[in-house]
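Text of the file data39.txt, holding compact mmCIF, C-alpha atoms and all ligand atoms:
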# COMPACT_ATOMS: atom_id res chain seq x y z
CA SER G 27 -2.02 24.17 1.16
CA THR G 28 -2.99 20.53 1.76
CA ASN G 29 -6.01 21.61 3.81
CA GLU G 30 -7.23 23.89 1.04
CA LYS G 31 -6.85 21.07 -1.48
CA LEU G 32 -8.78 18.70 0.80
CA GLU G 33 -11.56 21.26 1.31
CA TYR G 34 -11.78 21.64 -2.45
CA ILE G 35 -11.95 17.86 -3.03
CA LYS G 36 -14.58 17.50 -0.29
CA SER G 37 -16.71 20.19 -1.93
CA LYS G 38 -16.79 18.09 -5.12
CA ILE G 39 -17.67 14.69 -3.57
CA GLY G 40 -21.28 13.64 -4.27
CA THR G 41 -23.70 12.72 -1.47
CA PHE G 42 -26.62 10.40 -2.18
CA PRO G 43 -29.00 9.61 0.70
CA ASP G 44 -30.63 6.14 0.67
CA PHE G 45 -28.23 4.61 -1.90
CA PRO G 46 -27.83 1.67 -2.46
CA LYS G 47 -30.21 0.95 0.45
CA LYS G 48 -32.47 3.01 2.68
CA GLY G 49 -30.49 4.60 5.53
CA ILE G 50 -27.10 4.59 3.74
CA VAL G 51 -25.60 7.99 2.89
CA PHE G 52 -23.47 7.22 -0.16
CA ARG G 53 -20.32 9.33 -0.66
CA ASP G 54 -19.51 9.29 -4.37
CA ILE G 55 -15.87 9.83 -5.30
CA PHE G 56 -16.69 9.68 -9.04
CA THR G 57 -18.60 12.97 -8.77
CA ALA G 58 -15.34 14.62 -7.66
CA LEU G 59 -13.30 12.94 -10.43
CA ARG G 60 -15.26 14.82 -13.11
CA ASP G 61 -13.42 17.89 -11.94
CA PRO G 62 -9.84 18.13 -13.26
CA THR G 63 -8.62 20.22 -10.35
CA ALA G 64 -10.03 17.75 -7.83
CA CYS G 65 -8.25 14.93 -9.73
CA ARG G 66 -4.95 16.77 -9.57
CA TYR G 67 -5.31 17.66 -5.89
CA LEU G 68 -6.26 14.07 -5.01
CA LYS G 69 -3.18 12.75 -6.76
CA GLU G 70 -0.92 15.35 -5.17
CA VAL G 71 -2.20 14.83 -1.63
CA LEU G 72 -2.27 11.01 -1.83
CA VAL G 73 1.28 10.86 -3.18
CA GLN G 74 2.56 13.39 -0.63
CA GLU G 75 0.97 11.55 2.32
CA VAL G 76 2.15 8.12 1.22
CA LYS G 77 5.70 9.34 0.57
CA GLN G 78 5.80 10.97 3.98
CA ARG G 79 4.14 8.20 6.00
CA TYR G 80 5.26 5.05 4.24
CA PRO G 81 8.59 5.83 2.56
CA ASN G 82 9.67 2.19 2.81
CA ALA G 83 6.58 0.76 1.05
CA GLU G 84 7.50 -1.84 -1.57
CA ILE G 85 4.11 -2.53 -3.18
CA ILE G 86 0.65 -0.98 -3.03
CA VAL G 87 -2.53 -3.04 -2.98
CA GLY G 88 -5.80 -1.51 -4.23
CA LEU G 89 -9.28 -2.84 -3.48
CA GLU G 90 -11.61 -3.49 -6.41
CA SER G 91 -13.00 -1.31 -7.78
CA ARG G 92 -12.69 2.19 -6.43
CA GLY G 93 -9.31 1.45 -4.87
CA PHE G 94 -8.00 0.77 -8.38
CA LEU G 95 -8.45 4.47 -9.20
CA PHE G 96 -5.58 5.19 -6.83
CA ASN G 97 -3.19 2.25 -6.61
CA LEU G 98 -1.54 2.59 -10.02
CA LEU G 99 -1.47 6.36 -9.65
CA ILE G 100 0.41 6.14 -6.34
CA ALA G 101 2.61 3.24 -7.47
CA THR G 102 3.95 5.09 -10.50
CA GLU G 103 4.74 8.18 -8.46
CA LEU G 104 6.53 6.14 -5.77
CA GLY G 105 8.37 3.92 -8.21
CA ILE G 106 6.86 0.73 -6.74
CA GLY G 107 4.52 -1.94 -8.11
CA CYS G 108 0.87 -2.55 -7.35
CA ALA G 109 -1.45 -5.51 -6.92
CA PRO G 110 -5.20 -6.02 -6.76
CA VAL G 111 -7.60 -7.43 -4.23
CA ARG G 112 -10.57 -8.47 -6.35
CA LYS G 113 -14.10 -9.73 -5.85
CA LYS G 114 -14.59 -13.47 -6.28
CA GLY G 115 -14.09 -15.11 -9.65
CA LYS G 116 -12.06 -12.43 -11.44
CA LEU G 117 -8.46 -13.48 -10.85
CA PRO G 118 -6.61 -16.41 -12.48
CA GLY G 119 -4.07 -18.71 -10.85
CA ASP G 120 -3.59 -19.83 -7.26
CA LEU G 121 -5.70 -17.69 -4.99
CA ILE G 122 -6.23 -16.80 -1.36
CA SER G 123 -9.77 -15.77 -0.45
CA VAL G 124 -11.69 -14.35 2.46
CA GLU G 125 -15.37 -13.59 3.06
CA TYR G 126 -16.23 -10.16 4.41
CA VAL G 127 -19.16 -7.88 5.26
CA LEU G 128 -19.43 -4.23 4.36
CA GLU G 129 -21.87 -1.40 5.11
CA TYR G 130 -24.49 -2.64 2.64
CA GLY G 131 -23.74 -6.29 1.89
CA LYS G 132 -21.24 -9.12 1.92
CA ASP G 133 -18.88 -10.66 -0.61
CA ILE G 134 -15.66 -12.61 -1.11
CA PHE G 135 -12.29 -10.98 -1.78
CA GLU G 136 -9.45 -12.80 -3.53
CA MET G 137 -5.79 -12.21 -4.12
CA GLN G 138 -3.23 -14.13 -6.18
CA ALA G 139 -1.18 -16.26 -3.81
CA ASN G 140 2.12 -15.06 -5.29
CA ALA G 141 1.15 -11.37 -5.64
CA ILE G 142 3.25 -10.43 -2.62
CA LYS G 143 6.79 -11.58 -1.93
CA PRO G 144 7.42 -13.00 1.55
CA GLY G 145 8.04 -10.15 3.99
CA GLN G 146 7.36 -7.47 1.39
CA LYS G 147 6.23 -4.14 2.89
CA VAL G 148 2.70 -3.46 1.70
CA ILE G 149 0.39 -0.46 1.82
CA ILE G 150 -3.31 -0.70 1.00
CA VAL G 151 -5.43 1.96 -0.68
CA ASP G 152 -9.19 2.41 -1.05
CA ASP G 153 -11.58 5.27 -1.62
CA LEU G 154 -13.56 4.90 1.58
CA LEU G 155 -13.52 3.36 5.06
CA ALA G 156 -17.05 2.66 6.34
CA THR G 157 -17.52 -0.36 8.65
CA GLY G 158 -13.96 -1.44 7.94
CA GLY G 159 -15.03 -4.90 6.77
CA SER G 160 -13.39 -4.50 3.35
CA LEU G 161 -10.10 -3.09 4.60
CA LYS G 162 -9.89 -5.67 7.39
CA ALA G 163 -10.41 -8.49 4.87
CA ALA G 164 -7.77 -7.03 2.56
CA ILE G 165 -5.26 -6.83 5.40
CA GLU G 166 -5.99 -10.47 6.24
CA LEU G 167 -5.43 -11.50 2.62
CA VAL G 168 -2.13 -9.65 2.31
CA ARG G 169 -0.91 -11.24 5.54
CA LYS G 170 -1.97 -14.71 4.36
CA ALA G 171 0.01 -14.01 1.19
CA GLY G 172 3.07 -13.35 3.38
CA GLY G 173 3.09 -9.56 3.19
CA ASP G 174 3.93 -7.12 5.97
CA VAL G 175 1.13 -4.52 6.04
CA ILE G 176 2.75 -1.26 7.07
CA GLY G 177 -0.34 0.88 6.61
CA GLY G 178 -3.38 1.94 4.70
CA ILE G 179 -4.65 5.12 3.11
CA VAL G 180 -8.24 6.01 2.24
CA VAL G 181 -9.67 9.16 0.71
CA MET G 182 -12.79 9.21 2.94
CA GLU G 183 -13.71 7.82 6.36
CA LEU G 184 -17.21 7.61 7.86
CA LYS G 185 -16.18 8.10 11.47
CA ASP G 186 -19.50 7.17 13.14
CA LEU G 187 -19.22 3.61 11.80
CA ARG G 188 -15.97 3.15 13.74
CA GLY G 189 -14.38 1.02 11.02
CA ARG G 190 -10.98 2.07 12.32
CA ASP G 191 -11.61 0.00 15.48
CA LYS G 192 -11.44 -3.17 13.36
CA ILE G 193 -8.08 -2.26 11.84
CA ASP G 194 -4.88 -3.18 13.66
CA CYS G 195 -2.48 -1.18 11.51
CA ASP G 196 -1.92 2.50 10.81
CA VAL G 197 -4.59 4.00 8.51
CA HIS G 198 -4.45 7.51 7.15
CA THR G 199 -7.62 9.30 6.02
CA LEU G 200 -7.74 12.43 3.88
CA ILE G 201 -11.37 13.47 4.48
CA LYS G 202 -13.55 12.59 7.48
CA TYR G 203 -17.34 12.60 7.70
C1 LIG I 301 -17.18 0.29 -1.06
C2 LIG I 301 -15.99 1.22 -0.91
C3 LIG I 301 -15.07 0.45 -0.01
C4 LIG I 301 -16.04 -0.33 0.88
C5 LIG I 301 -16.10 0.27 2.25
O1 LIG I 301 -16.88 -0.69 -2.04
O2 LIG I 301 -15.39 1.46 -2.18
O3 LIG I 301 -14.28 -0.46 -0.75
O4 LIG I 301 -17.32 -0.27 0.23
O5 LIG I 301 -17.06 -0.35 3.07
P1 LIG I 301 -16.72 -1.04 4.46
O6 LIG I 301 -15.70 -0.19 5.16
O7 LIG I 301 -18.04 -1.07 5.17
O8 LIG I 301 -16.20 -2.40 4.17
P2 LIG I 301 -17.96 -1.62 -2.74
O9 LIG I 301 -17.86 -2.99 -2.17
O10 LIG I 301 -19.30 -0.97 -2.70
O11 LIG I 301 -17.51 -1.77 -4.24
P3 LIG I 301 -16.80 -0.88 -5.36
O12 LIG I 301 -15.53 -0.30 -4.81
O13 LIG I 301 -16.54 -1.88 -6.43
O14 LIG I 301 -17.77 0.20 -5.79
N1 LIG I 302 -18.97 1.88 0.92
C1 LIG I 302 -19.52 1.52 2.11
N2 LIG I 302 -20.28 2.48 2.60
C2 LIG I 302 -20.25 3.50 1.69
C3 LIG I 302 -20.83 4.78 1.64
N3 LIG I 302 -21.62 5.23 2.63
N4 LIG I 302 -20.58 5.56 0.57
C4 LIG I 302 -19.79 5.12 -0.43
N5 LIG I 302 -19.21 3.92 -0.44
C5 LIG I 302 -19.43 3.11 0.62
MG MG I 303 -14.79 -0.49 -2.86
Show me the file's structure as structure tokens.
Ligand code: PRP
Ligand code: ADE
Ligand code: MG
Amino acid sequence: STNEKLEYIKSKIGTFPDFPKKGIVFRDIFTALRDPTACRYLKEVLVQEVKQRYPNAEIIVGLESRGFLFNLLIATELGIGCAPVRKKGKLPGDLISVEYVLEYGKDIFEMQANAIKPGQKVIIVDDLLATGGSLKAAIELVRKAGGDVIGGIVVMELKDLRGRDKIDCDVHTLIKY
């Protein structure tokens, strides 16, 4: 079942106290991705949830870098395209940018101005929702680019940080801490 798959994935996620700073409990998706069964279950559950929740999605946006593990994977299964939100200085062409803060720092996110067609229905994917700063910034970028954000999906959510409170669209989480 989906719950059994999620329990299995959760059992493979790495936990690193005091990384990258004292007081942060780092949840490491890459530890789980060493396990082929966890990879398969992650793909199956993500694709199933996105198909069910956002059947009218037209493009999926992934957040650099851990979101990139999932955006192409989901896009190919849904038969839609994908686009990146990247950290400053990596993308060519006309850009839209936004500064943001996250659990352990701050940075600038950028997106190509023409990555999204006006009114296109967009979903956003990332590995983890902590303070919500990254996802909120990505939503802002997609909207500035003219997209209609219909929802987001993350593998993990750190509930105590209440990142969800910053997000004004539907967000689905597979695993909560
Ligand atoms: C991590 C994580 C999320 C973000 C969540 O990314 O992958 O994208 O932080 O934090 P927030 O909800 O507090 O904004 P990070 O910027 O560390 O970079 P990476 O994905 O390139 O490893
Ligand atoms: N990004 C922000 N907070 C994080 C955490 N606690 N673990 C992994 N990635 C994160
Ligand atoms: Mg990230």
Name the residues, using the chain letters and numbers of the file, that sit within 12 Å of (2.0, -12.5, -5.3) when counting only C-alpha atoms, and give them as JSON, numbers by chain.
{"G": [85, 86, 87, 107, 108, 109, 110, 111, 117, 118, 119, 120, 121, 122, 136, 137, 138, 139, 140, 141, 142, 143, 144, 145, 146, 148, 167, 168, 169, 170, 171, 172, 173]}
Counting only C-alpha atoms and all ligand atoms, name the residues that have an atom within 9 Å of an atom of ligand LIG 301 (chain I); the answer should be given as a PyMOL selection string.
chain G and resi 46+55+89-94+112-113+126-133+152-163+183-184+187+189-190
Using only C-alpha atoms, the shortest atom-to-atom distance to Thr199 of chain G among G:Glu30, G:Glu75, G:Asp61, G:Asp186 belongs to G:Glu75
Pick out the residues no farther than 6 Å from ligand LIG 302 (chain I), counting only C-alpha atoms and all ligand atoms, and list them as a compact mmCIF listing (two decimals) with C-alpha atoms, keeping the file's coordinate frame.
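Resulting contents of out-v3.txt:
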# COMPACT_ATOMS: atom_id res chain seq x y z
CA ILE G 50 -27.10 4.59 3.74
CA VAL G 51 -25.60 7.99 2.89
CA PHE G 52 -23.47 7.22 -0.16
CA ARG G 53 -20.32 9.33 -0.66
CA ASP G 54 -19.51 9.29 -4.37
CA GLU G 129 -21.87 -1.40 5.11
CA ALA G 156 -17.05 2.66 6.34
How far is it from atom CA of Ala101 of chain G to atom CA of Glu70 of chain G, in Å with one decimal?
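The value is 12.8 Å.
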Using only C-alpha atoms and all ligand atoms, which of the listed residues (G:Gly105, G:Gly177, G:Gly88, G:Pro62) sits closest to ligand MG 303 (chain I)?
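Among G:Gly105, G:Gly177, G:Gly88, G:Pro62, it is G:Gly88 that comes nearest to ligand MG 303 (chain I).
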Quick check, in Å to one decimal: how far apart do atom CA of Val73 of chain G and atom CA of Val180 of chain G lie?
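We find that atom CA of Val73 of chain G and atom CA of Val180 of chain G lie 12.0 Å from each other.
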Residue with the minimum atom-to-atom distance to ligand MG 303 (chain I), picked from G:Ala164, G:Tyr203, G:Asp174, G:Glu84 with all atoms listed in the file counted, is G:Ala164
Work out how far apart atom CA of Val181 of chain G and atom CA of Ile100 of chain G are and give it in Å to one decimal.
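Atom-to-atom, atom CA of Val181 of chain G and atom CA of Ile100 of chain G are spaced 12.7 Å apart.
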Ligand MG 303 (chain I) proximity check over G:Leu95, G:Val197, G:Leu68, G:Leu32, using all atoms listed in the file: winner is G:Leu95
Write out as a PyMOL selection string which residues come within 9 Å of Lys36 of chain G when counting only C-alpha atoms, dropping same-chain ones fewer than 6 positions away.
chain G and resi 58+64+201
Test item: residues at most 9 Å from Cys195 of chain G, only C-alpha atoms, excluding those fewer than 4 positions along its chain, as a VMD selection string
chain G and resid 165 175 to 178
Mind completing segment 184-203 of chain G with N, CA and C atoms? Output as a PDB file, in the frame of the given file, please?
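This went into rebuild.pdb:
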ATOM      1  N   LEU G 184     -15.939   7.309   7.195  1.00  0.00           N
ATOM      2  CA  LEU G 184     -17.210   7.610   7.860  1.00  0.00           C
ATOM      3  C   LEU G 184     -17.021   7.291   9.341  1.00  0.00           C
ATOM      4  N   LYS G 185     -16.679   8.313  10.104  1.00  0.00           N
ATOM      5  CA  LYS G 185     -16.180   8.100  11.470  1.00  0.00           C
ATOM      6  C   LYS G 185     -17.180   7.390  12.390  1.00  0.00           C
ATOM      7  N   ASP G 186     -18.490   7.735  12.239  1.00  0.00           N
ATOM      8  CA  ASP G 186     -19.500   7.170  13.140  1.00  0.00           C
ATOM      9  C   ASP G 186     -19.555   5.646  13.077  1.00  0.00           C
ATOM     10  N   LEU G 187     -19.145   5.077  11.960  1.00  0.00           N
ATOM     11  CA  LEU G 187     -19.220   3.610  11.800  1.00  0.00           C
ATOM     12  C   LEU G 187     -18.041   2.906  12.483  1.00  0.00           C
ATOM     13  N   ARG G 188     -17.083   3.686  12.938  1.00  0.00           N
ATOM     14  CA  ARG G 188     -15.970   3.150  13.740  1.00  0.00           C
ATOM     15  C   ARG G 188     -15.205   2.005  13.063  1.00  0.00           C
ATOM     16  N   GLY G 189     -15.092   2.058  11.759  1.00  0.00           N
ATOM     17  CA  GLY G 189     -14.380   1.020  11.020  1.00  0.00           C
ATOM     18  C   GLY G 189     -12.929   0.890  11.467  1.00  0.00           C
ATOM     19  N   ARG G 190     -12.374   2.012  11.861  1.00  0.00           N
ATOM     20  CA  ARG G 190     -10.980   2.070  12.320  1.00  0.00           C
ATOM     21  C   ARG G 190     -10.724   1.101  13.479  1.00  0.00           C
ATOM     22  N   ASP G 191     -11.760   0.896  14.325  1.00  0.00           N
ATOM     23  CA  ASP G 191     -11.610   0.000  15.480  1.00  0.00           C
ATOM     24  C   ASP G 191     -11.302  -1.442  15.066  1.00  0.00           C
ATOM     25  N   LYS G 192     -11.687  -1.809  13.840  1.00  0.00           N
ATOM     26  CA  LYS G 192     -11.440  -3.170  13.360  1.00  0.00           C
ATOM     27  C   LYS G 192     -10.031  -3.348  12.795  1.00  0.00           C
ATOM     28  N   ILE G 193      -9.335  -2.227  12.573  1.00  0.00           N
ATOM     29  CA  ILE G 193      -8.080  -2.260  11.840  1.00  0.00           C
ATOM     30  C   ILE G 193      -6.901  -2.178  12.803  1.00  0.00           C
ATOM     31  N   ASP G 194      -5.987  -3.138  12.708  1.00  0.00           N
ATOM     32  CA  ASP G 194      -4.880  -3.180  13.660  1.00  0.00           C
ATOM     33  C   ASP G 194      -3.577  -2.636  13.075  1.00  0.00           C
ATOM     34  N   CYS G 195      -3.685  -1.854  11.991  1.00  0.00           N
ATOM     35  CA  CYS G 195      -2.480  -1.180  11.510  1.00  0.00           C
ATOM     36  C   CYS G 195      -2.790   0.300  11.311  1.00  0.00           C
ATOM     37  N   ASP G 196      -1.760   1.072  11.026  1.00  0.00           N
ATOM     38  CA  ASP G 196      -1.920   2.500  10.810  1.00  0.00           C
ATOM     39  C   ASP G 196      -2.790   2.744   9.565  1.00  0.00           C
ATOM     40  N   VAL G 197      -3.799   3.618   9.692  1.00  0.00           N
ATOM     41  CA  VAL G 197      -4.590   4.000   8.510  1.00  0.00           C
ATOM     42  C   VAL G 197      -4.669   5.511   8.457  1.00  0.00           C
ATOM     43  N   HIS G 198      -4.339   6.065   7.305  1.00  0.00           N
ATOM     44  CA  HIS G 198      -4.450   7.510   7.150  1.00  0.00           C
ATOM     45  C   HIS G 198      -5.652   7.849   6.282  1.00  0.00           C
ATOM     46  N   THR G 199      -6.416   8.854   6.724  1.00  0.00           N
ATOM     47  CA  THR G 199      -7.620   9.300   6.020  1.00  0.00           C
ATOM     48  C   THR G 199      -7.439  10.735   5.569  1.00  0.00           C
ATOM     49  N   LEU G 200      -7.843  11.041   4.341  1.00  0.00           N
ATOM     50  CA  LEU G 200      -7.740  12.430   3.880  1.00  0.00           C
ATOM     51  C   LEU G 200      -8.934  13.259   4.345  1.00  0.00           C
ATOM     52  N   ILE G 201     -10.152  12.694   4.213  1.00  0.00           N
ATOM     53  CA  ILE G 201     -11.370  13.470   4.480  1.00  0.00           C
ATOM     54  C   ILE G 201     -12.283  12.675   5.403  1.00  0.00           C
ATOM     55  N   LYS G 202     -12.679  13.295   6.525  1.00  0.00           N
ATOM     56  CA  LYS G 202     -13.550  12.590   7.480  1.00  0.00           C
ATOM     57  C   LYS G 202     -14.968  13.129   7.428  1.00  0.00           C
ATOM     58  N   TYR G 203     -15.929  12.219   7.587  1.00  0.00           N
ATOM     59  CA  TYR G 203     -17.340  12.600   7.700  1.00  0.00           C
ATOM     60  C   TYR G 203     -17.870  12.126   9.035  1.00  0.00           C
TER      61      TYR G 203
END
